[in-house]
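Participant: Below: one structure in structure tokens.
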Amino acid sequence: MRLTAPESVVVAGASLLADPLRRQAVDVEEVQWQPPTGDPAALATVMADRRRAAANAHALEAMLGAEAQLVDVLPASEVLGLQPGEFLHAGPPIDWDRASGPLRGALIGASLFEGLAATPEEAERLLSGGDVSLAPCHSRGAVGPMAGVVSPSMWMFCLRDEANDASSYCSLNEGLGKVLRYGAYGDEVIDRLRWMTDVLGPLLQKAVRKQGTVDVKAIAGQMVQMGDEGHNRNRAGTLMFLREVLPALIDSGAPTRDVAEAARFVSGNDHFFLNLVMPACKLVTRAGAGIPGSSVVTVMSRNGTDFGIQVSGTGEEWFTAPANTPEGLFLGDYGPKDANPDIGDSAITETAGLGGLSMATAPAIVRFVGGSVPDALATTQRMYDITVGENPAFAIPVLEFRGAPTGVDVTAVVRSGVLPQINTGMAGRVAGTGQVGAGLVTPPMGCFTQALDALAAAVPS
Amino acid sequence: MRRIGLRRGAYVDSVTLMQVSRRVASLDRVTSALVAMATDLNVDLAAGMGFEVPDVSPNEMLVAIAADSDEALARAEAEVEAALTEASRPSAPGGFGSAPPPVTVRAAAARSGATAALISTPGQHAFVDAVDAVDAGLLTMVFSDNVPLEQEVALKEYADENDVLVMGPDCGTAVLGGVGLGFANVVRPGPVGIVAASGTGAQHLMSLLDGAGVGVSHCLGVGGRDLSEQVAGRSTMRALDLLAHDEQTEVVVVVSKPPAPAVAERVRARAARLGKPVVLALLGPGQPDLTETARTVAEATGSSWAAPEGWPGSVRHGRGGALRGLFAGGTLCEEAMIVAADRLGPVYSNIPLDPRWALDEDLALGDHHAMLDLGDDRFTRGRPHPMIDGSTRVDLARRLLEDPATSVLMLDVVLGHAAESDPAGELGATVRIATGLEIPVVVSVVGTRDDPQGLDQQIRVLRDAGAWVHRSNAEAARAAVALATGGTP
């Protein structure tokens, strides 16, 4: 540190002290300050933690260094050892009694699909009886969009991060509308799941195995430059993925009709790649997890009732609060009263810097989620203020190729009151409805104040 | 007729809101007004003003107004609206795609090339903001007061580990290579580096040096508690090291109240091997006053010294009686009390030299000599500091002039950045009233020729009103003492 006349000064607090600096021709960067939320003593303890700055730098470095290769496609029973009667779901832990409509609908559908029940009523009796096991996808290193329900027969993308010797998994995307993940369980839903299990899964397995691996992180980096933010828009990613696997698919020896059907299904579903971006993001955030003293958020996730986060410095402990309901645009006749509270593991994209945090890169969908282009540019730029760094692998062209804002910092959130911005789909409140719209949502502040308290308690005295 | 309202989602700093409150309260037919964030303190204030305060959170803004009529109430509320609109800056330079303003110090540091931070957030939160600045490696000035002592210690330990200087908490004044932060005078560049645990003490020293043609390289504030046993002079040591390595600095001055003995020993030891002459200017009874210190420092730089200027007022003779002083600067008040007590005996105060001379809450002065530091918490609760807004002092001065015991009135005027734009003008009418009553007014003016208020112009206004004016506070105090004893300076 040397003593020099400052050319630029950061000013926080009284504006009266900023004006004299401006009059001295000094650049003033004035903080839009507000009192922090949560326990001030806990905040002071965490900020004074000698490990914090280095731990957050370490977390960021690990997140930026994570790889994400699609290495195989396998049934959940094989790759996760899921047994009949075991289900994974999105978000923090929850039981049937507290489960929301779309989660219940998806569990009913999965029970029908697995042949555990013949009718929805029978499935409800089974599920409410307590003889089944429910666990968060995150507890098994997996992620699931919306209800995120995984049952043993469902096929899973298997991704590897060799740099950190870690794996992550996600089911195959069913498309939009009446689909299991939005809580629909009609015949068309079950029939589609059967086809995915019988035809699509094995075909993709053949193609991936023939191809070797698919670099999902590289595709994600390109899609961000092509207008996809990786949560509510995955169009470019989906087409690039298809481009990667199509030759191997054609060359797989499978019946031409199946190959054509698979190609038609993937290319007709703009969200197919979401289920590859999500496990890739899980590998990114997982790399930054479990670092003592780090206040970086490593999981943001919702089960339709609660929003839950995990933080690097506190390991796999969940901090939960009632989930907010998204605001945005609705399909057809649906309206706000039809929307279920926020649901899905897909906020893992925001946790890794994509989705709402990189909204600026996806101007094409700002209207779809009820925003405007300037909002999107402002949102991403604001997100830099609550994250610990930038990911050059996800460069946003309109922001001069600045990297995606990465690693939400609990202390910055409680101090600024600025919450991570999430882009999301909206599920119908009533089981069996399906998707009703899409919009914007934020986590409840309570998750962050609880995490702050736990971080403070974990500071060595 | 009173009405209390709440505004949500808009935080405005307390200094700005106090100015808004005052602007609204000064409207015709408005009896009182409080526009403030709903902290416990401000809720109590509103309750004390007779308002029924609903359940609120500190993130909401109270707008409490009492007025004579519905019409006046509506006018006052419109004024609040207008004042708040003026106070809120546009969120960004504007334009498509421009970034919103930064929300933390860390964010502000990251997006600018800043090398220094000036933090004046409320005391219970300032630690966190200062840690951000230290993390970013910024020279960190903490203007905020009421920072808990253990947080000051923690902050300075943290800063030491990061090799960063923290000025403050409760640091009002700094100059870095000619750039003033907080309350600071416009000084010419020069060889003197100042380390100061007293803001107005540093301002007076800089002004006296400037008046003698001696310039200042840097003035580094350290906060009033830095040389206490608990804080152990952490910032003072770091500031000394920085000045030791600074090429512009040839002579170093440390301005402080006498430190805790163990700390004094360490400061002396560090000063002895600094490789540059160090003047330890300790403030207090039996110590040289700031003017003598300025002379010592000027002579250490090899400059010649001429006594600071002074001008007589129009009331040439004191009639004898109580000396009364009203000060914006705490150190100036204390220095004047030391001069006065030496000649006059007990000088009562809210910051007494001797605990027996303490004034109680209702400030009953009797026939005593008395000097008040209006920058003290007792006078700044819910009101701006007297260096920003002199209205409290004007009100008190009028009261003192009505007191038959008052025979001499002493005031200080502190110029420089962040101080109000025309302090002499605000005091002028009061000086005229005193002069009309044959009560002499002695004013010490702390400032430099290049200060934004204009030193010569400020002195002229005070002299035209009839005041005695001195650029040396100690000299002003001596003049006031002479007048109070019925003599002529």
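Labeling convention for the structure tokens: chains A, B, ... as they appear, residues from 1 per chain, ligands from 1 in order of appearance.
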Using the chain letters and numbers from this document, which residues of stretch 36-133 of chain B does DSSP assign to alpha helix (DSSP H), as a ChimeraX atom specification?

Facilitator: /B:40-48,70-87,105-111,123-133

Participant: Taking only C-alpha atoms into account, what are the residues of chain B at most 7 Å from chain A, put as a count of residues only?

Facilitator: 39

Participant: In Å, with one decimal, what is the gap from atom CA of A:Gly253 to atom CA of A:Cys158?

Facilitator: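 Computing it gives 22.4 Å between the two atoms.
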
Participant: Can you list every residue of stretch 166-271 of chain B that has an atom at most 9 Å from stretch 326-329 of chain B, with its nearest atom pair and the distance in Å to one decimal, using only C-alpha atoms, ordered by chain then number, as CSV?

Facilitator:
residue,atom,partner,partner_atom,distance
B:Gly199,CA,B:Gly329,CA,8.2
B:Thr200,CA,B:Gly329,CA,5.5
B:Gly201,CA,B:Gly329,CA,8.2

Participant: Print the selection's residues with C-alpha atoms to a file, as an mmCIF file, in the first residue's frame.

Facilitator:
data_model
loop_
_atom_site.group_PDB
_atom_site.id
_atom_site.type_symbol
_atom_site.label_atom_id
_atom_site.label_comp_id
_atom_site.auth_asym_id
_atom_site.auth_seq_id
_atom_site.Cartn_x
_atom_site.Cartn_y
_atom_site.Cartn_z
ATOM 1 C CA GLY B 199 -10.293 15.477 13.287
ATOM 2 C CA THR B 200 -10.647 19.145 14.158
ATOM 3 C CA GLY B 201 -7.210 19.059 15.775
#

Participant: Need to verify the contact set: stretch 339-353 of chain A, 8 Å, only C-alpha atoms, exclusion of same-chain residues closer than 2 positions in sequence. Can you return it as a VMD selection string?

Facilitator: chain A and resid 63 90 to 91 100 to 102 143 to 148 230 to 231 277 to 278 281 to 282 284 to 285 297 to 305 307 323 to 326 335 to 337 355 to 358 391 404 to 408 420 to 422 424 426 to 430 436 to 437 441
